[in-house]
>>> print(open('entry18.txt').read())   # compact mmCIF, N, CA and C atoms
# COMPACT_ATOMS: atom_id res chain seq x y z
N ALA A 1 0.83 -1.20 0.00
CA ALA A 1 0.00 0.00 0.00
C ALA A 1 0.87 1.25 0.00
N VAL A 2 1.94 1.23 0.79
CA VAL A 2 2.84 2.38 0.85
C VAL A 2 3.52 2.58 -0.50
N LEU A 3 3.90 1.49 -1.13
CA LEU A 3 4.55 1.57 -2.43
C LEU A 3 3.63 2.22 -3.46
N ALA A 4 2.37 1.90 -3.44
CA ALA A 4 1.43 2.49 -4.38
C ALA A 4 1.17 3.96 -4.07
N LEU A 5 1.39 4.38 -2.84
CA LEU A 5 1.15 5.76 -2.44
C LEU A 5 2.30 6.68 -2.88
N LEU A 6 3.52 6.17 -2.90
CA LEU A 6 4.68 7.01 -3.21
C LEU A 6 4.59 7.73 -4.56
N PRO A 7 4.25 7.05 -5.65
CA PRO A 7 4.15 7.76 -6.92
C PRO A 7 3.05 8.82 -6.94
N ASN A 8 2.10 8.74 -6.04
CA ASN A 8 1.03 9.73 -5.99
C ASN A 8 1.38 10.92 -5.11
N ILE A 9 2.29 10.73 -4.19
CA ILE A 9 2.74 11.85 -3.35
C ILE A 9 3.72 12.73 -4.12
N PHE A 10 4.53 12.12 -4.98
CA PHE A 10 5.53 12.84 -5.76
C PHE A 10 4.94 14.02 -6.54
N PRO A 11 3.87 13.84 -7.33
CA PRO A 11 3.32 14.99 -8.06
C PRO A 11 2.74 16.06 -7.14
N ILE A 12 2.22 15.67 -6.00
CA ILE A 12 1.66 16.65 -5.08
C ILE A 12 2.76 17.50 -4.46
N VAL A 13 3.88 16.87 -4.14
CA VAL A 13 5.03 17.63 -3.63
C VAL A 13 5.51 18.62 -4.69
N LEU A 14 5.58 18.18 -5.94
CA LEU A 14 5.97 19.09 -7.02
C LEU A 14 4.95 20.20 -7.23
N MET A 15 3.68 19.91 -7.01
CA MET A 15 2.65 20.94 -7.12
C MET A 15 2.87 22.03 -6.07
N PHE A 16 3.16 21.62 -4.83
CA PHE A 16 3.43 22.61 -3.79
C PHE A 16 4.70 23.40 -4.09
N ALA A 17 5.68 22.75 -4.71
CA ALA A 17 6.89 23.46 -5.13
C ALA A 17 6.55 24.49 -6.21
N THR A 18 5.69 24.13 -7.14
CA THR A 18 5.25 25.07 -8.17
C THR A 18 4.52 26.24 -7.54
N MET A 19 3.68 25.96 -6.57
CA MET A 19 2.96 27.03 -5.88
C MET A 19 3.93 28.00 -5.23
N GLY A 20 4.94 27.47 -4.56
CA GLY A 20 5.93 28.33 -3.92
C GLY A 20 6.73 29.13 -4.92
N TRP A 21 7.12 28.48 -6.01
CA TRP A 21 7.93 29.13 -7.03
C TRP A 21 7.15 30.24 -7.74
N CYS A 22 5.86 30.02 -7.97
CA CYS A 22 5.02 30.99 -8.67
C CYS A 22 4.36 32.00 -7.73
N GLY A 23 4.54 31.83 -6.44
CA GLY A 23 3.94 32.75 -5.47
C GLY A 23 2.45 32.54 -5.29
N ILE A 24 1.97 31.34 -5.55
CA ILE A 24 0.55 31.03 -5.38
C ILE A 24 0.30 30.70 -3.92
N THR A 25 -0.64 31.41 -3.33
CA THR A 25 -0.91 31.20 -1.91
C THR A 25 -1.78 29.97 -1.69
N LEU A 26 -1.69 29.44 -0.50
CA LEU A 26 -2.52 28.30 -0.12
C LEU A 26 -3.88 28.84 0.31
N ASN A 27 -4.92 28.44 -0.41
CA ASN A 27 -6.28 28.86 -0.07
C ASN A 27 -7.20 27.65 -0.22
N VAL A 28 -8.47 27.88 -0.11
CA VAL A 28 -9.41 26.76 -0.16
C VAL A 28 -9.30 26.01 -1.48
N ALA A 29 -9.22 26.71 -2.58
CA ALA A 29 -9.17 26.06 -3.89
C ALA A 29 -7.88 25.29 -4.07
N THR A 30 -6.74 25.89 -3.72
CA THR A 30 -5.46 25.20 -3.93
C THR A 30 -5.23 24.10 -2.91
N ALA A 31 -5.79 24.24 -1.73
CA ALA A 31 -5.63 23.20 -0.71
C ALA A 31 -6.37 21.92 -1.08
N THR A 32 -7.46 22.05 -1.80
CA THR A 32 -8.23 20.87 -2.16
C THR A 32 -7.63 20.09 -3.33
N VAL A 33 -6.71 20.72 -4.06
CA VAL A 33 -6.10 20.05 -5.22
C VAL A 33 -5.43 18.75 -4.80
N ALA A 34 -4.66 18.81 -3.73
CA ALA A 34 -3.94 17.61 -3.27
C ALA A 34 -4.91 16.49 -2.91
N ALA A 35 -5.96 16.81 -2.19
CA ALA A 35 -6.92 15.78 -1.77
C ALA A 35 -7.66 15.19 -2.96
N ILE A 36 -8.08 16.03 -3.88
CA ILE A 36 -8.85 15.55 -5.03
C ILE A 36 -7.98 14.70 -5.94
N THR A 37 -6.81 15.20 -6.27
CA THR A 37 -5.95 14.46 -7.21
C THR A 37 -5.41 13.18 -6.58
N LEU A 38 -5.13 13.20 -5.29
CA LEU A 38 -4.67 11.97 -4.64
C LEU A 38 -5.78 10.93 -4.67
N GLY A 39 -6.99 11.35 -4.44
CA GLY A 39 -8.12 10.43 -4.46
C GLY A 39 -8.42 9.85 -5.83
N LEU A 40 -8.09 10.59 -6.88
CA LEU A 40 -8.36 10.10 -8.23
C LEU A 40 -7.15 9.40 -8.85
N ALA A 41 -5.96 9.95 -8.66
CA ALA A 41 -4.76 9.38 -9.29
C ALA A 41 -4.39 8.03 -8.69
N ASP A 42 -4.73 7.80 -7.44
CA ASP A 42 -4.38 6.52 -6.84
C ASP A 42 -5.13 5.36 -7.50
N ASP A 43 -6.29 5.64 -8.11
CA ASP A 43 -7.01 4.59 -8.83
C ASP A 43 -6.17 4.06 -10.00
N ASP A 44 -5.53 4.97 -10.72
CA ASP A 44 -4.67 4.56 -11.83
C ASP A 44 -3.49 3.74 -11.34
N THR A 45 -2.92 4.16 -10.22
CA THR A 45 -1.77 3.45 -9.67
C THR A 45 -2.16 2.06 -9.21
N VAL A 46 -3.30 1.94 -8.57
CA VAL A 46 -3.77 0.63 -8.10
C VAL A 46 -4.03 -0.28 -9.30
N TYR A 47 -4.60 0.25 -10.36
CA TYR A 47 -4.85 -0.52 -11.59
C TYR A 47 -3.53 -1.07 -12.15
N PHE A 48 -2.53 -0.22 -12.25
CA PHE A 48 -1.22 -0.64 -12.76
C PHE A 48 -0.57 -1.65 -11.81
N PHE A 49 -0.62 -1.35 -10.52
CA PHE A 49 -0.03 -2.20 -9.49
C PHE A 49 -0.67 -3.59 -9.51
N TYR A 50 -1.99 -3.66 -9.61
CA TYR A 50 -2.70 -4.93 -9.64
C TYR A 50 -2.33 -5.73 -10.89
N SER A 51 -2.25 -5.06 -12.02
CA SER A 51 -1.88 -5.73 -13.26
C SER A 51 -0.48 -6.34 -13.16
N TYR A 52 0.44 -5.59 -12.59
CA TYR A 52 1.81 -6.08 -12.41
C TYR A 52 1.83 -7.28 -11.45
N LEU A 53 1.18 -7.14 -10.30
CA LEU A 53 1.20 -8.22 -9.30
C LEU A 53 0.50 -9.48 -9.80
N SER A 54 -0.55 -9.34 -10.58
CA SER A 54 -1.23 -10.53 -11.09
C SER A 54 -0.31 -11.29 -12.04
N ARG A 55 0.49 -10.58 -12.79
CA ARG A 55 1.47 -11.23 -13.68
C ARG A 55 2.58 -11.91 -12.86
N ARG A 56 3.02 -11.25 -11.81
CA ARG A 56 4.06 -11.84 -10.96
C ARG A 56 3.55 -13.11 -10.28
N LYS A 57 2.29 -13.10 -9.85
CA LYS A 57 1.73 -14.28 -9.20
C LYS A 57 1.55 -15.44 -10.17
N LYS A 58 1.47 -15.15 -11.46
CA LYS A 58 1.39 -16.20 -12.47
C LYS A 58 2.78 -16.76 -12.80
N GLY A 59 3.81 -16.22 -12.14
CA GLY A 59 5.16 -16.74 -12.34
C GLY A 59 6.01 -15.95 -13.32
N MET A 60 5.48 -14.86 -13.83
CA MET A 60 6.28 -14.06 -14.77
C MET A 60 7.38 -13.32 -14.01
N SER A 61 8.49 -13.10 -14.68
CA SER A 61 9.57 -12.32 -14.09
C SER A 61 9.16 -10.85 -14.09
N ALA A 62 9.88 -10.06 -13.30
CA ALA A 62 9.61 -8.62 -13.26
C ALA A 62 9.82 -8.01 -14.64
N ALA A 63 10.84 -8.49 -15.34
CA ALA A 63 11.15 -7.97 -16.68
C ALA A 63 10.01 -8.24 -17.66
N ALA A 64 9.29 -9.32 -17.48
CA ALA A 64 8.16 -9.64 -18.35
C ALA A 64 6.85 -9.03 -17.84
N ALA A 65 6.71 -8.92 -16.53
CA ALA A 65 5.47 -8.42 -15.94
C ALA A 65 5.29 -6.92 -16.18
N LEU A 66 6.36 -6.15 -16.12
CA LEU A 66 6.23 -4.70 -16.30
C LEU A 66 5.74 -4.32 -17.69
N PRO A 67 6.37 -4.81 -18.77
CA PRO A 67 5.84 -4.45 -20.09
C PRO A 67 4.40 -4.92 -20.30
N GLY A 68 4.06 -6.07 -19.75
CA GLY A 68 2.69 -6.55 -19.87
C GLY A 68 1.71 -5.64 -19.15
N ALA A 69 2.09 -5.17 -17.97
CA ALA A 69 1.23 -4.25 -17.22
C ALA A 69 1.10 -2.92 -17.95
N VAL A 70 2.19 -2.43 -18.51
CA VAL A 70 2.14 -1.17 -19.26
C VAL A 70 1.26 -1.34 -20.48
N GLN A 71 1.37 -2.47 -21.16
CA GLN A 71 0.56 -2.71 -22.35
C GLN A 71 -0.93 -2.79 -21.99
N GLU A 72 -1.23 -3.46 -20.88
CA GLU A 72 -2.63 -3.59 -20.46
C GLU A 72 -3.22 -2.27 -19.98
N CYS A 73 -2.45 -1.51 -19.22
CA CYS A 73 -2.98 -0.31 -18.57
C CYS A 73 -2.66 0.99 -19.29
N GLY A 74 -1.65 0.97 -20.13
CA GLY A 74 -1.14 2.21 -20.71
C GLY A 74 -2.16 3.09 -21.39
N ARG A 75 -2.91 2.52 -22.30
CA ARG A 75 -3.87 3.31 -23.05
C ARG A 75 -4.94 3.91 -22.13
N ALA A 76 -5.44 3.11 -21.21
CA ALA A 76 -6.46 3.60 -20.28
C ALA A 76 -5.92 4.73 -19.41
N LEU A 77 -4.70 4.60 -18.95
CA LEU A 77 -4.11 5.64 -18.11
C LEU A 77 -3.90 6.93 -18.90
N TRP A 78 -3.41 6.80 -20.14
CA TRP A 78 -3.22 7.99 -20.99
C TRP A 78 -4.55 8.69 -21.24
N LEU A 79 -5.56 7.92 -21.59
CA LEU A 79 -6.87 8.52 -21.90
C LEU A 79 -7.51 9.16 -20.66
N ALA A 80 -7.42 8.48 -19.53
CA ALA A 80 -7.98 9.04 -18.30
C ALA A 80 -7.28 10.35 -17.95
N THR A 81 -5.97 10.36 -18.10
CA THR A 81 -5.22 11.59 -17.81
C THR A 81 -5.59 12.70 -18.77
N LEU A 82 -5.67 12.38 -20.04
CA LEU A 82 -6.03 13.38 -21.05
C LEU A 82 -7.42 13.97 -20.75
N ILE A 83 -8.37 13.11 -20.46
CA ILE A 83 -9.73 13.58 -20.16
C ILE A 83 -9.74 14.47 -18.93
N ASN A 84 -9.02 14.07 -17.90
CA ASN A 84 -9.00 14.88 -16.67
C ASN A 84 -8.27 16.20 -16.87
N VAL A 85 -7.16 16.19 -17.61
CA VAL A 85 -6.42 17.43 -17.85
C VAL A 85 -7.29 18.40 -18.66
N VAL A 86 -7.93 17.89 -19.70
CA VAL A 86 -8.80 18.76 -20.51
C VAL A 86 -9.96 19.27 -19.66
N GLY A 87 -10.56 18.39 -18.89
CA GLY A 87 -11.69 18.80 -18.06
C GLY A 87 -11.33 19.84 -17.02
N PHE A 88 -10.24 19.63 -16.30
CA PHE A 88 -9.85 20.58 -15.27
C PHE A 88 -9.23 21.85 -15.86
N SER A 89 -8.71 21.77 -17.08
CA SER A 89 -8.13 22.96 -17.72
C SER A 89 -9.19 23.99 -18.05
N ILE A 90 -10.43 23.59 -18.13
CA ILE A 90 -11.52 24.54 -18.40
C ILE A 90 -11.53 25.63 -17.33
N PHE A 91 -11.15 25.29 -16.11
CA PHE A 91 -11.16 26.28 -15.02
C PHE A 91 -10.15 27.40 -15.25
N ILE A 92 -9.20 27.20 -16.12
CA ILE A 92 -8.19 28.23 -16.39
C ILE A 92 -8.83 29.47 -17.00
N PHE A 93 -9.98 29.32 -17.63
CA PHE A 93 -10.65 30.44 -18.27
C PHE A 93 -11.57 31.22 -17.32
N SER A 94 -11.56 30.86 -16.05
CA SER A 94 -12.39 31.56 -15.07
C SER A 94 -11.83 32.96 -14.79
N SER A 95 -12.69 33.85 -14.37
CA SER A 95 -12.23 35.18 -13.97
C SER A 95 -11.88 35.22 -12.49
N PHE A 96 -12.19 34.15 -11.77
CA PHE A 96 -11.89 34.06 -10.33
C PHE A 96 -10.54 33.39 -10.16
N ARG A 97 -9.55 34.13 -9.67
CA ARG A 97 -8.16 33.67 -9.60
C ARG A 97 -7.99 32.32 -8.88
N PRO A 98 -8.61 32.06 -7.73
CA PRO A 98 -8.44 30.74 -7.09
C PRO A 98 -8.92 29.58 -7.98
N THR A 99 -9.95 29.81 -8.76
CA THR A 99 -10.44 28.77 -9.66
C THR A 99 -9.43 28.52 -10.78
N VAL A 100 -8.80 29.57 -11.27
CA VAL A 100 -7.76 29.44 -12.29
C VAL A 100 -6.61 28.59 -11.73
N TYR A 101 -6.18 28.91 -10.52
CA TYR A 101 -5.10 28.14 -9.89
C TYR A 101 -5.50 26.68 -9.69
N PHE A 102 -6.75 26.48 -9.30
CA PHE A 102 -7.25 25.12 -9.11
C PHE A 102 -7.14 24.33 -10.41
N GLY A 103 -7.60 24.89 -11.50
CA GLY A 103 -7.54 24.20 -12.79
C GLY A 103 -6.11 23.96 -13.25
N MET A 104 -5.26 24.96 -13.09
CA MET A 104 -3.88 24.84 -13.52
C MET A 104 -3.12 23.79 -12.69
N LEU A 105 -3.27 23.86 -11.39
CA LEU A 105 -2.55 22.94 -10.52
C LEU A 105 -3.07 21.51 -10.63
N THR A 106 -4.37 21.35 -10.77
CA THR A 106 -4.93 20.01 -10.92
C THR A 106 -4.44 19.37 -12.21
N SER A 107 -4.42 20.13 -13.28
CA SER A 107 -3.92 19.61 -14.56
C SER A 107 -2.44 19.24 -14.45
N GLU A 108 -1.67 20.07 -13.76
CA GLU A 108 -0.25 19.78 -13.56
C GLU A 108 -0.07 18.47 -12.80
N VAL A 109 -0.83 18.29 -11.74
CA VAL A 109 -0.70 17.08 -10.93
C VAL A 109 -1.08 15.85 -11.75
N TRP A 110 -2.10 15.95 -12.59
CA TRP A 110 -2.49 14.80 -13.41
C TRP A 110 -1.37 14.37 -14.35
N VAL A 111 -0.73 15.35 -15.00
CA VAL A 111 0.36 15.02 -15.91
C VAL A 111 1.54 14.42 -15.14
N LEU A 112 1.88 15.01 -14.00
CA LEU A 112 2.98 14.49 -13.19
C LEU A 112 2.66 13.11 -12.63
N ALA A 113 1.40 12.88 -12.29
CA ALA A 113 1.01 11.57 -11.78
C ALA A 113 1.15 10.50 -12.86
N LEU A 114 0.82 10.85 -14.09
CA LEU A 114 0.98 9.89 -15.19
C LEU A 114 2.46 9.56 -15.39
N LEU A 115 3.30 10.58 -15.36
CA LEU A 115 4.74 10.34 -15.49
C LEU A 115 5.26 9.47 -14.35
N ALA A 116 4.77 9.73 -13.15
CA ALA A 116 5.20 8.93 -11.99
C ALA A 116 4.74 7.48 -12.13
N GLU A 117 3.55 7.27 -12.69
CA GLU A 117 3.05 5.91 -12.86
C GLU A 117 3.84 5.12 -13.89
N PHE A 118 4.37 5.80 -14.89
CA PHE A 118 5.13 5.12 -15.94
C PHE A 118 6.64 5.11 -15.70
N ILE A 119 7.13 5.95 -14.80
CA ILE A 119 8.57 6.01 -14.55
C ILE A 119 8.90 5.58 -13.12
N LEU A 120 8.31 6.28 -12.14
CA LEU A 120 8.64 6.03 -10.74
C LEU A 120 8.08 4.70 -10.23
N LEU A 121 6.83 4.41 -10.53
CA LEU A 121 6.22 3.17 -10.04
C LEU A 121 6.93 1.92 -10.56
N PRO A 122 7.24 1.82 -11.87
CA PRO A 122 7.98 0.64 -12.32
C PRO A 122 9.35 0.50 -11.65
N ALA A 123 10.03 1.63 -11.45
CA ALA A 123 11.34 1.57 -10.78
C ALA A 123 11.19 1.07 -9.35
N LEU A 124 10.18 1.54 -8.65
CA LEU A 124 9.94 1.08 -7.28
C LEU A 124 9.53 -0.39 -7.25
N LEU A 125 8.74 -0.81 -8.21
CA LEU A 125 8.32 -2.21 -8.27
C LEU A 125 9.52 -3.14 -8.48
N VAL A 126 10.42 -2.75 -9.35
CA VAL A 126 11.60 -3.59 -9.60
C VAL A 126 12.49 -3.63 -8.37
N MET A 127 12.67 -2.48 -7.71
CA MET A 127 13.50 -2.45 -6.49
C MET A 127 12.88 -3.33 -5.41
N LEU A 128 11.58 -3.22 -5.20
CA LEU A 128 10.89 -4.03 -4.19
C LEU A 128 10.91 -5.49 -4.59
N ASP A 129 10.71 -5.76 -5.87
CA ASP A 129 10.64 -7.13 -6.37
C ASP A 129 11.92 -7.88 -6.04
N LYS A 130 13.06 -7.28 -6.21
CA LYS A 130 14.33 -7.95 -5.93
C LYS A 130 14.46 -8.29 -4.46
N LYS A 131 13.92 -7.44 -3.59
CA LYS A 131 14.03 -7.67 -2.16
C LYS A 131 12.97 -8.65 -1.66
N SER A 132 11.75 -8.58 -2.19
CA SER A 132 10.67 -9.42 -1.68
C SER A 132 10.69 -10.82 -2.25
N PHE A 133 10.80 -10.89 -3.54
CA PHE A 133 10.68 -12.18 -4.19
C PHE A 133 12.01 -12.92 -4.27
N GLY A 134 13.12 -12.18 -4.33
CA GLY A 134 14.43 -12.82 -4.44
C GLY A 134 14.52 -13.58 -5.74
N PRO A 135 15.53 -14.45 -5.87
CA PRO A 135 15.66 -15.22 -7.11
C PRO A 135 14.54 -16.23 -7.24
N ARG A 136 14.13 -16.51 -8.45
CA ARG A 136 13.09 -17.50 -8.71
C ARG A 136 13.62 -18.88 -8.36
N SER A 137 12.80 -19.72 -7.77
CA SER A 137 13.23 -21.05 -7.41
C SER A 137 13.50 -21.87 -8.66
N GLY A 138 14.53 -22.69 -8.59
CA GLY A 138 14.86 -23.57 -9.72
C GLY A 138 15.77 -22.90 -10.73
N VAL A 139 16.07 -21.64 -10.55
CA VAL A 139 16.94 -20.93 -11.48
C VAL A 139 18.27 -20.72 -10.80
N SER A 140 19.31 -21.20 -11.37
CA SER A 140 20.64 -21.06 -10.78
C SER A 140 21.15 -19.64 -10.94
N GLN A 141 21.70 -19.08 -9.88
CA GLN A 141 22.27 -17.74 -9.93
C GLN A 141 23.69 -17.76 -10.42
N ASP A 142 24.30 -18.94 -10.43
CA ASP A 142 25.66 -19.07 -10.89
C ASP A 142 25.64 -19.18 -12.42
N ARG A 143 26.30 -18.25 -13.09
CA ARG A 143 26.27 -18.22 -14.54
C ARG A 143 27.04 -19.40 -15.16
N GLY A 144 27.96 -20.01 -14.38
CA GLY A 144 28.75 -21.11 -14.90
C GLY A 144 28.05 -22.45 -14.85
N VAL A 145 26.90 -22.55 -14.19
CA VAL A 145 26.20 -23.81 -14.05
C VAL A 145 25.21 -23.99 -15.16
>>> encode(input="entry18.txt", output="structure tokens")
Amino acid sequence: AVLALLPNIFPIVLMFATMGWCGITLNVATATVAAITLGLADDDTVYFFYSYLSRRKKGMSAAAALPGAVQECGRALWLATLINVVGFSIFIFSSFRPTVYFGMLTSEVWVLALLAEFILLPALLVMLDKKSFGPRSGVSQDRGV
């Protein structure tokens, strides 16, 4: 569960960095961005995570499970992100400044969350996989055998 949460915290941290860099104050609209995007982006991460783990439980190696998970989930994740970015970007045309920030920051977090799901999550899965699963049984680690 913690592993699936890490790629979703990364874009939120970058969003707060963007807010600080651009001088955007924390208000009701900007404070809700983290809660809303975390609640929605974690669904994509769980989908990817489940696809990867189901392949690993079938005996596939991490090297084979990751591309399969990306192939299964990739298009859906791209489309969901595109739809959400376009939908939340509509708020950028508001005349109310907090709503503009809400739309801009939410769209930013969606794009960063997608990048984290395709870059950070696979890297974390491979790192964890080596520690949790260890070498596959029946496969010799000695290259000379």
>>> residues_around(input="entry18.txt", residues="region 68-75 of chain A", least_positions_apart="6", cutoff="8 Å", atoms="all atoms listed in the file", output="MDAnalysis selection string")
chainID A and resid 47:53 55 62 81 118
>>> write_last_selection(input="entry18.txt", atoms="N, CA and C atoms", output="mmCIF file, keeping the file's coordinate frame")
data_model
loop_
_atom_site.group_PDB
_atom_site.id
_atom_site.type_symbol
_atom_site.label_atom_id
_atom_site.label_comp_id
_atom_site.auth_asym_id
_atom_site.auth_seq_id
_atom_site.Cartn_x
_atom_site.Cartn_y
_atom_site.Cartn_z
ATOM 1 N N TYR A 47 -4.600 0.250 -10.360
ATOM 2 C CA TYR A 47 -4.850 -0.520 -11.590
ATOM 3 C C TYR A 47 -3.530 -1.070 -12.150
ATOM 4 N N PHE A 48 -2.530 -0.220 -12.250
ATOM 5 C CA PHE A 48 -1.220 -0.640 -12.760
ATOM 6 C C PHE A 48 -0.570 -1.650 -11.810
ATOM 7 N N PHE A 49 -0.620 -1.350 -10.520
ATOM 8 C CA PHE A 49 -0.030 -2.200 -9.490
ATOM 9 C C PHE A 49 -0.670 -3.590 -9.510
ATOM 10 N N TYR A 50 -1.990 -3.660 -9.610
ATOM 11 C CA TYR A 50 -2.700 -4.930 -9.640
ATOM 12 C C TYR A 50 -2.330 -5.730 -10.890
ATOM 13 N N SER A 51 -2.250 -5.060 -12.020
ATOM 14 C CA SER A 51 -1.880 -5.730 -13.260
ATOM 15 C C SER A 51 -0.480 -6.340 -13.160
ATOM 16 N N TYR A 52 0.440 -5.590 -12.590
ATOM 17 C CA TYR A 52 1.810 -6.080 -12.410
ATOM 18 C C TYR A 52 1.830 -7.280 -11.450
ATOM 19 N N LEU A 53 1.180 -7.140 -10.300
ATOM 20 C CA LEU A 53 1.200 -8.220 -9.300
ATOM 21 C C LEU A 53 0.500 -9.480 -9.800
ATOM 22 N N ARG A 55 0.490 -10.580 -12.790
ATOM 23 C CA ARG A 55 1.470 -11.230 -13.680
ATOM 24 C C ARG A 55 2.580 -11.910 -12.860
ATOM 25 N N ALA A 62 9.880 -10.060 -13.300
ATOM 26 C CA ALA A 62 9.610 -8.620 -13.260
ATOM 27 C C ALA A 62 9.820 -8.010 -14.640
ATOM 28 N N THR A 81 -5.970 10.360 -18.100
ATOM 29 C CA THR A 81 -5.220 11.590 -17.810
ATOM 30 C C THR A 81 -5.590 12.700 -18.770
ATOM 31 N N PHE A 118 4.370 5.800 -14.890
ATOM 32 C CA PHE A 118 5.130 5.120 -15.940
ATOM 33 C C PHE A 118 6.640 5.110 -15.700
#
>>> atom_distance(input="entry18.txt", atom1="atom N of Pro11 (chain A)", atom2="atom N of Leu128 (chain A)")
18.8 Å
>>> closest_atom_pairs(input="entry18.txt", of="region 39-135 of chain A", to="region 19-29 of chain A", cutoff="10 Å", atoms="only C-alpha atoms", output="tab-separated table")
residue	atom	partner	partner_atom	distance
A:Arg97	CA	A:Ala29	CA	9.6
A:Pro98	CA	A:Ala29	CA	5.7
A:Thr99	CA	A:Ala29	CA	6.5
A:Val100	CA	A:Ala29	CA	9.2
A:Tyr101	CA	A:Ala29	CA	7.5
A:Phe102	CA	A:Ala29	CA	5.6
A:Gly103	CA	A:Ala29	CA	9.2
A:Leu105	CA	A:Met19	CA	8.3
>>> atom_distance(input="entry18.txt", atom1="atom C of Phe10 (chain A)", atom2="atom N of Leu112 (chain A)")
8.1 Å
>>> select_by_dssp(input="entry18.txt", residues="chain A", states="helix (DSSP H, G or I)", output="PyMOL selection string")
chain A and resi 2-22+28-57+62-93+97-132
>>> atom_distance(input="entry18.txt", atom1="atom C of Leu3 (chain A)", atom2="CA of Phe88 (chain A)")
25.7 Å
>>> closest_residue(input="entry18.txt", among="A:Ala116, A:Asn84, A:Thr106, A:Lys58", to="Ala31 (chain A)", atoms="only C-alpha atoms")
A:Thr106
>>> closest_residue(input="entry18.txt", among="A:Ala17, A:Leu79, A:Ile12, A:Leu114", to="Ile36 (chain A)", atoms="only C-alpha atoms")
A:Ile12
>>> residues_around(input="entry18.txt", residues="Asn8 (chain A)", least_positions_apart="6", cutoff="7 Å", atoms="all atoms listed in the file", output="list in words")
Leu38, Ala41, Asp42, Ala113, Ala116 and Glu117 of chain A
>>> closest_residue(input="entry18.txt", among="A:Met60, A:Val111, A:Ala34, A:Leu14", to="Val85 (chain A)", atoms="all atoms listed in the file")
A:Val111
>>> axis_aligned_box(input="entry18.txt", around="region 104-113 of chain A", padding_each_side="3 Å", output="AutoDock Vina command-line options")
--center_x -1.1 --center_y 17.7 --center_z -13.2 --size_x 14.2 --size_y 20.5 --size_z 11.4
